[in-house]
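**Q** Below you'll find structure32.pdb; it's PDB, C-alpha atoms.
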```pdb
MODEL        1
ATOM      1  CA  MET E1434     239.211  51.623  -0.625
ATOM      2  CA  SER E1435     239.266  48.688   1.779
ATOM      3  CA  HIS E1436     236.475  48.223   4.283
ATOM      4  CA  ILE E1437     237.151  49.648   7.751
ATOM      5  CA  PRO E1438     235.689  47.157  10.239
ATOM      6  CA  THR E1439     233.868  48.204  13.375
ATOM      7  CA  ILE E1440     234.883  46.205  16.444
ATOM      8  CA  LEU E1441     232.675  46.294  19.531
ATOM      9  CA  VAL E1442     234.439  45.480  22.802
ATOM     10  CA  PHE E1443     232.179  44.828  25.797
ATOM     11  CA  ASP E1444     232.951  44.407  29.485
ATOM     12  CA  SER E1445     231.244  44.882  32.836
ATOM     13  CA  GLY E1446     233.538  47.840  33.465
ATOM     14  CA  LEU E1447     237.001  49.038  32.494
ATOM     15  CA  GLY E1448     238.918  45.746  32.607
ATOM     16  CA  GLY E1449     238.205  45.080  28.954
ATOM     17  CA  LEU E1450     240.400  48.045  28.114
ATOM     18  CA  THR E1451     243.381  45.717  28.628
ATOM     19  CA  VAL E1452     241.966  43.556  25.822
ATOM     20  CA  LEU E1453     241.096  46.559  23.675
ATOM     21  CA  ARG E1454     244.702  47.802  23.946
ATOM     22  CA  GLU E1455     246.051  44.586  22.407
ATOM     23  CA  ILE E1456     243.429  44.524  19.640
ATOM     24  CA  VAL E1457     244.171  48.150  18.737
ATOM     25  CA  ARG E1458     247.860  47.274  18.402
ATOM     26  CA  ALA E1459     246.945  44.460  16.021
ATOM     27  CA  ARG E1460     244.284  46.381  14.059
ATOM     28  CA  PRO E1461     245.022  50.117  14.453
ATOM     29  CA  ASP E1462     242.957  50.860  11.351
ATOM     30  CA  ALA E1463     239.652  49.560  12.788
ATOM     31  CA  ARG E1464     236.857  51.635  14.258
ATOM     32  CA  TYR E1465     236.284  50.811  17.935
ATOM     33  CA  VAL E1466     233.256  51.000  20.172
ATOM     34  CA  TYR E1467     233.970  50.180  23.811
ATOM     35  CA  ALA E1468     230.921  49.546  25.985
ATOM     36  CA  ALA E1469     231.220  49.334  29.774
ATOM     37  CA  ASP E1470     228.182  47.933  31.582
ATOM     38  CA  ASP E1471     228.930  49.987  34.687
ATOM     39  CA  ALA E1472     225.232  50.102  35.582
ATOM     40  CA  PHE E1473     225.503  46.376  36.429
ATOM     41  CA  PHE E1474     229.108  46.304  37.715
ATOM     42  CA  PRO E1475     230.449  44.173  39.285
ATOM     43  CA  TYR E1476     228.958  41.094  37.686
ATOM     44  CA  GLY E1477     230.153  38.980  40.603
ATOM     45  CA  GLN E1478     227.336  40.386  42.729
ATOM     46  CA  HIS E1479     224.693  38.912  40.436
ATOM     47  CA  SER E1480     223.425  35.394  39.784
ATOM     48  CA  GLU E1481     224.262  33.575  36.558
ATOM     49  CA  ASP E1482     220.657  33.873  35.357
ATOM     50  CA  ALA E1483     220.645  37.597  36.088
ATOM     51  CA  ILE E1484     223.869  38.103  34.106
ATOM     52  CA  VAL E1485     222.473  36.253  31.090
ATOM     53  CA  ALA E1486     219.200  38.190  31.298
ATOM     54  CA  ARG E1487     221.185  41.427  31.454
ATOM     55  CA  VAL E1488     223.964  40.914  28.935
ATOM     56  CA  VAL E1489     222.112  39.321  26.027
ATOM     57  CA  PRO E1490     219.661  42.195  25.423
ATOM     58  CA  VAL E1491     222.340  44.836  26.097
ATOM     59  CA  ILE E1492     224.552  43.276  23.423
ATOM     60  CA  GLY E1493     221.554  43.176  21.098
ATOM     61  CA  GLU E1494     220.992  46.904  21.570
ATOM     62  CA  LEU E1495     224.669  47.621  20.919
ATOM     63  CA  ILE E1496     224.660  45.527  17.737
ATOM     64  CA  ALA E1497     221.558  47.333  16.498
ATOM     65  CA  ALA E1498     223.083  50.735  17.231
ATOM     66  CA  HIS E1499     226.617  50.194  15.912
ATOM     67  CA  ALA E1500     226.454  47.328  13.365
ATOM     68  CA  PRO E1501     229.833  45.860  14.367
ATOM     69  CA  ASP E1502     231.725  43.476  12.115
ATOM     70  CA  LEU E1503     232.921  41.603  15.208
ATOM     71  CA  VAL E1504     232.099  41.618  18.928
ATOM     72  CA  VAL E1505     234.624  40.891  21.672
ATOM     73  CA  ILE E1506     233.209  39.917  25.053
ATOM     74  CA  ALA E1507     236.191  41.078  27.113
ATOM     75  CA  CYS E1508     234.916  39.581  30.357
ATOM     76  CA  ASN E1509     235.499  36.073  31.692
ATOM     77  CA  THR E1510     232.251  36.013  33.669
ATOM     78  CA  ALA E1511     230.071  37.041  30.744
ATOM     79  CA  SER E1512     231.922  34.857  28.240
ATOM     80  CA  THR E1513     231.464  31.685  30.257
ATOM     81  CA  LEU E1514     227.718  32.324  30.488
ATOM     82  CA  VAL E1515     226.400  34.072  27.375
ATOM     83  CA  MET E1516     228.448  33.120  24.308
ATOM     84  CA  GLY E1517     226.072  30.368  23.252
ATOM     85  CA  HIS E1518     223.081  32.679  23.597
ATOM     86  CA  LEU E1519     224.800  35.411  21.582
ATOM     87  CA  ARG E1520     225.932  33.158  18.756
ATOM     88  CA  ARG E1521     222.463  31.707  18.375
ATOM     89  CA  ALA E1522     220.881  35.165  18.288
ATOM     90  CA  TRP E1523     223.165  37.081  15.899
ATOM     91  CA  PRO E1524     225.299  36.118  12.881
ATOM     92  CA  VAL E1525     228.124  38.540  13.765
ATOM     93  CA  PRO E1526     231.355  36.795  14.877
ATOM     94  CA  PHE E1527     231.919  36.773  18.642
ATOM     95  CA  VAL E1528     235.253  36.377  20.431
ATOM     96  CA  GLY E1529     235.112  35.530  24.106
ATOM     97  CA  THR E1530     237.496  35.529  27.044
ATOM     98  CA  VAL E1531     238.119  32.370  29.039
ATOM     99  CA  PRO E1532     240.714  31.498  31.691
ATOM    100  CA  ALA E1533     243.978  30.701  29.872
ATOM    101  CA  ILE E1534     244.454  27.397  31.679
ATOM    102  CA  LYS E1535     245.620  25.398  28.658
ATOM    103  CA  PRO E1536     248.579  27.645  27.701
ATOM    104  CA  ALA E1537     249.487  28.217  31.345
ATOM    105  CA  CYS E1538     249.742  24.520  32.081
ATOM    106  CA  ALA E1539     251.607  23.886  28.835
ATOM    107  CA  ARG E1540     254.367  26.349  29.758
ATOM    108  CA  SER E1541     254.611  25.627  33.496
ATOM    109  CA  VAL E1542     257.853  23.928  34.462
ATOM    110  CA  SER E1543     256.974  23.180  38.082
ATOM    111  CA  LYS E1544     253.496  21.982  37.050
ATOM    112  CA  ARG E1545     251.996  24.208  39.735
ATOM    113  CA  VAL E1546     249.625  26.799  38.288
ATOM    114  CA  SER E1547     247.236  29.214  39.987
ATOM    115  CA  VAL E1548     244.127  30.776  38.446
ATOM    116  CA  LEU E1549     243.329  34.216  39.855
ATOM    117  CA  GLY E1550     239.772  35.223  39.000
ATOM    118  CA  THR E1551     236.580  36.597  40.422
ATOM    119  CA  SER E1552     234.753  34.501  42.975
ATOM    120  CA  GLY E1553     232.189  33.545  40.343
ATOM    121  CA  THR E1554     234.715  32.556  37.687
ATOM    122  CA  VAL E1555     236.679  30.185  39.900
ATOM    123  CA  LYS E1556     233.505  28.510  41.158
ATOM    124  CA  ARG E1557     231.974  28.063  37.716
ATOM    125  CA  GLU E1558     231.741  24.581  36.251
ATOM    126  CA  TYR E1559     233.162  25.947  32.989
ATOM    127  CA  THR E1560     236.473  26.704  34.722
ATOM    128  CA  ARG E1561     236.646  23.288  36.339
ATOM    129  CA  THR E1562     235.975  21.668  32.967
ATOM    130  CA  LEU E1563     238.908  23.583  31.468
ATOM    131  CA  ILE E1564     241.111  22.209  34.227
ATOM    132  CA  ALA E1565     239.875  18.651  33.704
ATOM    133  CA  ASP E1566     240.442  18.917  29.949
ATOM    134  CA  PHE E1567     243.679  20.886  29.733
ATOM    135  CA  ALA E1568     245.610  20.812  33.024
ATOM    136  CA  GLY E1569     247.852  18.098  31.630
ATOM    137  CA  GLY E1570     249.052  16.834  34.985
ATOM    138  CA  CYS E1571     249.408  20.275  36.560
ATOM    139  CA  ASP E1572     248.322  20.990  40.101
ATOM    140  CA  VAL E1573     245.927  23.938  39.617
ATOM    141  CA  THR E1574     245.005  26.225  42.523
ATOM    142  CA  LEU E1575     241.847  28.316  42.109
ATOM    143  CA  VAL E1576     241.930  31.709  43.833
ATOM    144  CA  GLY E1577     238.776  33.826  43.844
ATOM    145  CA  SER E1578     238.632  37.512  44.717
ATOM    146  CA  ALA E1579     235.532  39.580  45.355
ATOM    147  CA  ASP E1580     237.408  42.887  45.419
ATOM    148  CA  LEU E1581     240.286  42.976  42.929
ATOM    149  CA  ALA E1582     238.205  44.194  39.978
ATOM    150  CA  SER E1583     236.955  47.156  41.984
ATOM    151  CA  MET E1584     240.500  47.803  43.219
ATOM    152  CA  ALA E1585     241.748  47.853  39.629
ATOM    153  CA  GLU E1586     239.130  50.398  38.584
ATOM    154  CA  ALA E1587     239.894  52.522  41.631
ATOM    155  CA  GLU E1588     243.622  52.556  40.840
ATOM    156  CA  LEU E1589     242.971  53.393  37.192
ATOM    157  CA  GLY E1590     240.942  56.340  38.399
ATOM    158  CA  GLY E1591     243.835  57.613  40.499
ATOM    159  CA  GLY E1592     242.870  56.029  43.809
ATOM    160  CA  SER E1593     245.379  54.648  46.282
ATOM    161  CA  ILE E1594     245.297  50.900  46.924
ATOM    162  CA  ASP E1595     247.363  49.697  49.871
ATOM    163  CA  ASP E1596     250.092  47.122  49.176
ATOM    164  CA  ALA E1597     248.916  44.963  52.078
ATOM    165  CA  ASP E1598     245.382  44.811  50.674
ATOM    166  CA  LEU E1599     246.631  43.738  47.238
ATOM    167  CA  LEU E1600     249.038  41.193  48.674
ATOM    168  CA  ALA E1601     246.241  39.646  50.731
ATOM    169  CA  GLU E1602     244.298  39.060  47.491
ATOM    170  CA  ILE E1603     247.121  37.457  45.515
ATOM    171  CA  ALA E1604     248.990  35.618  48.308
ATOM    172  CA  PRO E1605     246.938  32.384  47.971
ATOM    173  CA  CYS E1606     248.241  32.062  44.401
ATOM    174  CA  PHE E1607     251.722  31.354  45.693
ATOM    175  CA  VAL E1608     251.897  27.730  46.814
ATOM    176  CA  ASP E1609     255.256  26.373  47.970
ATOM    177  CA  ARG E1610     255.510  22.593  48.350
ATOM    178  CA  GLY E1611     259.209  22.622  49.147
ATOM    179  CA  ALA E1612     261.024  19.906  47.236
ATOM    180  CA  ALA E1613     257.825  19.183  45.326
ATOM    181  CA  GLY E1614     257.969  22.620  43.723
ATOM    182  CA  ARG E1615     256.125  25.897  43.916
ATOM    183  CA  THR E1616     253.807  27.955  41.751
ATOM    184  CA  ASP E1617     255.555  29.284  38.656
ATOM    185  CA  THR E1618     252.571  30.458  36.557
ATOM    186  CA  VAL E1619     249.510  32.541  37.425
ATOM    187  CA  VAL E1620     246.541  32.923  35.084
ATOM    188  CA  LEU E1621     244.875  36.341  35.202
ATOM    189  CA  ALA E1622     241.292  35.134  34.783
ATOM    190  CA  CYS E1623     239.695  38.576  34.923
ATOM    191  CA  THR E1624     240.427  41.272  32.349
ATOM    192  CA  HIS E1625     240.615  43.870  35.124
ATOM    193  CA  TYR E1626     243.638  42.237  36.708
ATOM    194  CA  PRO E1627     246.287  43.229  34.116
ATOM    195  CA  LEU E1628     245.568  46.817  35.169
ATOM    196  CA  LEU E1629     247.322  45.854  38.418
ATOM    197  CA  LEU E1630     250.033  43.655  36.922
ATOM    198  CA  ALA E1631     252.935  45.951  37.792
ATOM    199  CA  ARG E1632     251.763  45.966  41.407
ATOM    200  CA  PHE E1633     251.371  42.179  41.417
ATOM    201  CA  MET E1634     254.899  41.695  40.091
ATOM    202  CA  ALA E1635     256.344  44.003  42.732
ATOM    203  CA  LEU E1636     254.473  42.301  45.572
ATOM    204  CA  ALA E1637     254.922  38.674  44.509
ATOM    205  CA  PRO E1638     256.938  36.613  47.014
ATOM    206  CA  TRP E1639     258.856  35.077  44.085
ATOM    207  CA  PRO E1640     258.875  35.614  40.298
ATOM    208  CA  VAL E1641     256.171  33.852  38.287
ATOM    209  CA  THR E1642     254.874  34.001  34.733
ATOM    210  CA  TRP E1643     251.625  35.965  34.591
ATOM    211  CA  ILE E1644     249.292  34.866  31.776
ATOM    212  CA  ASP E1645     247.214  37.695  30.282
ATOM    213  CA  PRO E1646     244.638  36.479  27.701
ATOM    214  CA  ALA E1647     244.598  39.764  25.764
ATOM    215  CA  PRO E1648     247.315  38.945  23.187
ATOM    216  CA  ALA E1649     245.591  35.669  22.280
ATOM    217  CA  ILE E1650     242.265  37.480  21.876
ATOM    218  CA  ALA E1651     243.903  40.017  19.571
ATOM    219  CA  ARG E1652     245.360  37.205  17.462
ATOM    220  CA  ARG E1653     241.903  35.641  17.155
ATOM    221  CA  VAL E1654     240.438  38.959  16.013
ATOM    222  CA  VAL E1655     243.076  39.190  13.280
ATOM    223  CA  GLU E1656     242.353  35.600  12.232
ATOM    224  CA  LEU E1657     238.682  36.485  11.769
ATOM    225  CA  LEU E1658     239.012  39.954  10.209
ATOM    226  CA  GLY E1659     242.426  39.827   8.554
ATOM    227  CA  PRO E1660     245.528  41.919   9.291
ATOM    228  CA  GLY E1661     244.284  45.295   8.083
ATOM    229  CA  ASP E1662     246.412  48.322   7.219
ATOM    230  CA  ALA E1663     248.949  49.311   9.873
ATOM    231  CA  THR E1664     249.641  52.609   8.087
ATOM    232  CA  ALA E1665     246.024  53.778   8.029
ATOM    233  CA  THR E1666     244.851  56.712  10.122
ATOM    234  CA  ALA E1667     242.935  55.484  13.171
ATOM    235  CA  PRO E1668     239.223  56.308  12.917
ATOM    236  CA  ALA E1669     237.562  58.007  15.869
ATOM    237  CA  ALA E1670     236.582  55.598  18.654
ATOM    238  CA  GLN E1671     233.587  55.687  20.955
ATOM    239  CA  MET E1672     233.317  54.808  24.631
ATOM    240  CA  LEU E1673     229.920  54.114  26.161
ATOM    241  CA  PHE E1674     228.782  53.654  29.756
ATOM    242  CA  THR E1675     225.432  51.941  30.281
ATOM    243  CA  SER E1676     224.752  53.982  33.396
ATOM    244  CA  GLY E1677     224.851  57.208  31.427
ATOM    245  CA  ARG E1678     226.806  58.761  34.288
ATOM    246  CA  PRO E1679     229.587  61.189  33.343
ATOM    247  CA  HIS E1680     233.094  59.848  33.867
ATOM    248  CA  ALA E1681     236.059  62.061  34.642
ATOM    249  CA  MET E1682     238.746  59.571  33.555
ATOM    250  CA  ALA E1683     239.129  60.494  29.875
ATOM    251  CA  ALA E1684     242.863  61.202  30.161
ATOM    252  CA  ALA E1685     243.529  57.877  31.897
ATOM    253  CA  LEU E1686     241.476  55.878  29.386
ATOM    254  CA  ALA E1687     242.663  57.473  26.136
ATOM    255  CA  PRO E1688     245.990  55.548  25.867
ATOM    256  CA  PHE E1689     244.124  52.235  25.608
ATOM    257  CA  PHE E1690     242.672  53.403  22.263
ATOM    258  CA  GLY E1691     246.056  53.991  20.614
ATOM    259  CA  ALA E1692     246.099  56.935  18.206
ATOM    260  CA  ALA E1693     242.310  57.185  17.899
ATOM    261  CA  ALA E1694     240.415  60.187  19.194
ATOM    262  CA  VAL E1695     237.869  58.991  21.744
ATOM    263  CA  HIS E1696     234.317  60.271  22.033
ATOM    264  CA  HIS E1697     232.657  59.518  25.370
ATOM    265  CA  ALA E1698     228.942  58.928  25.729
TER     266      ALA E1698
ENDMDL
END
```
Please express the file's structure as structure tokens.

**A**
Amino acid sequence: MSHIPTILVFDSGLGGLTVLREIVRARPDARYVYAADDAFFPYGQHSEDAIVARVVPVIGELIAAHAPDLVVIACNTASTLVMGHLRRAWPVPFVGTVPAIKPACARSVSKRVSVLGTSGTVKREYTRTLIADFAGGCDVTLVGSADLASMAEAELGGGSIDDADLLAEIAPCFVDRGAAGRTDTVVLACTHYPLLLARFMALAPWPVTWIDPAPAIARRVVELLGPGDATATAPAAQMLFTSGRPHAMAAALAPFFGAAAVHHA
């Protein structure tokens, strides 16, 4: 019988579920542990040093408890800060999430690309280095939001988010230079944002290509673990919240886990 790998997916909250969904499609036979660090959410309210001091030991505790074969850090903020620390500390493979600037600029026709992320992500030197290395002549606009991640979680939980409030957050992504061209590609540089993608598409002042990093992350997981058995029965999955608070969103979260039964803790 082939080995059933355990894949740990970690995020500050529920945004990483958009990454989990793609990985489950690629490896439906794996056992999944999803850990949401809701006790420290949102990460954008904390300093870089505080995030490192928080995430590294939390990941260590999760590795000790669940012995994963691979860990996905499904959070741009955490990935840009802690991957080096994690790889030095544990031999388990880690897959991170970084703004998809290289593929976005490669596919842009107008050469006008926007990066929509948290305030911290767009300010981080890591992001600016990606632009310097991979923009390839594109004009890249950085758009930071302090509220979209919380809006995404609220909508997932059944809350009502006003169109005007969402449009105000994404409007700076749409740059029109007239004859010089306008934005044709937007990078979703926070894993929470694909939760709102249908709303973004409906509110956009003109059609653009939205770049979600989740499919690329899923491909990397398959590269590291192999393709697995698509006909296998999905093992039970586990969802953890670091706060220990009960969550009443089980029905809304279950579809992200595919066919697996989900145990909440």

**Q** Once the PyMOL selection byres ((chain E and resi 1499-1505) around 6) is applied to the coordinates I shared, what remains selected? I want it as a PDB file with C-alpha atoms, in the frame of the given file.

**A**
```pdb
ATOM      1  CA  PRO E1438     235.689  47.157  10.239  1.00  0.00           C
ATOM      2  CA  THR E1439     233.868  48.204  13.375  1.00  0.00           C
ATOM      3  CA  ILE E1440     234.883  46.205  16.444  1.00  0.00           C
ATOM      4  CA  LEU E1441     232.675  46.294  19.531  1.00  0.00           C
ATOM      5  CA  VAL E1442     234.439  45.480  22.802  1.00  0.00           C
ATOM      6  CA  LEU E1495     224.669  47.621  20.919  1.00  0.00           C
ATOM      7  CA  ILE E1496     224.660  45.527  17.737  1.00  0.00           C
ATOM      8  CA  ALA E1497     221.558  47.333  16.498  1.00  0.00           C
ATOM      9  CA  ALA E1498     223.083  50.735  17.231  1.00  0.00           C
ATOM     10  CA  ILE E1506     233.209  39.917  25.053  1.00  0.00           C
ATOM     11  CA  ALA E1507     236.191  41.078  27.113  1.00  0.00           C
ATOM     12  CA  VAL E1525     228.124  38.540  13.765  1.00  0.00           C
ATOM     13  CA  PRO E1526     231.355  36.795  14.877  1.00  0.00           C
ATOM     14  CA  PHE E1527     231.919  36.773  18.642  1.00  0.00           C
ATOM     15  CA  VAL E1528     235.253  36.377  20.431  1.00  0.00           C
ATOM     16  CA  GLY E1529     235.112  35.530  24.106  1.00  0.00           C
TER      17      GLY E1529
END
```

**Q** From the options E:Ala1468, E:Ser1435, E:Leu1575, E:Trp1643, which residue's atoms come nearest to Glu1494 in chain E, counting all atoms listed in the file?

**A**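 Comparing E:Ala1468, E:Ser1435, E:Leu1575, E:Trp1643 against Glu1494 in chain E, the winner is E:Ala1468.
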
**Q** Convert the output of the PyMOL selection byres ((chain E and resi 1530-1546) around 6) on the shown file into explicit residues, formatted as a PyMOL selection string.

**A** chain E and resi 1507-1509+1512+1529+1547+1567-1568+1571-1573+1614+1616+1618-1619+1622

**Q** So that I can see what lies close to range 1577-1584 of chain E, please list as a ChimeraX atom specification the residues with an atom at most 6 Å from it, counting only C-alpha atoms and leaving out residues fewer than 3 positions away in the same chain.

**A** /E:1550-1552,1555,1587,1625

**Q** Between CA of Gly1448 in chain E and CA of Ala1585 in chain E, what is the spacing in Å?

**A**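 These two atoms are separated by 7.9 Å.
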
**Q** Could you check how far CA of Arg1652 in chain E sits from CA of Leu1453 in chain E, in Å to one decimal?

**A**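 Atom-to-atom, CA of Arg1652 in chain E and CA of Leu1453 in chain E are spaced 12.0 Å apart.
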
**Q** Which one is closest to Gly1691 in chain E: E:Thr1642, E:Thr1574, E:Thr1451, E:Ser1445? Count all atoms listed in the file.

**A**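 Ranking E:Thr1642, E:Thr1574, E:Thr1451, E:Ser1445 by distance to Gly1691 in chain E, first place goes to E:Thr1451.
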
**Q** From the set E:His1479, E:His1697, E:Arg1464, E:Arg1678, which residue has the shortest atom-to-atom contact distance to Gly1553 in chain E, counting only C-alpha atoms?

**A**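 The answer is E:His1479, which sits nearest to Gly1553 in chain E.
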
**Q** Please report the interatomic distance between CA of Thr1664 in chain E and CA of Pro1648 in chain E in Å with one decimal.

**A**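 About the pair CA of Thr1664 in chain E and CA of Pro1648 in chain E: they are 20.5 Å apart.
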
**Q** Please determine an axis-aligned box that encloses all atoms of range 1570-1588 of chain E listed in the file, with 3 Å added on each side, and express its centre and edge lengths in Å to one decimal as AutoDock Vina command-line options.

**A**
```
--center_x 242.5 --center_y 34.7 --center_z 40.2 --size_x 19.9 --size_y 41.7 --size_z 16.4
```

**Q** Carefully work through the PyMOL selection byres ((chain E and resi 1456) around 8) for this structure and note down the residues it includes, as an MDAnalysis selection string.

**A** chainID E and resid 1452:1455 1457:1461 1647:1648 1650:1652 1654
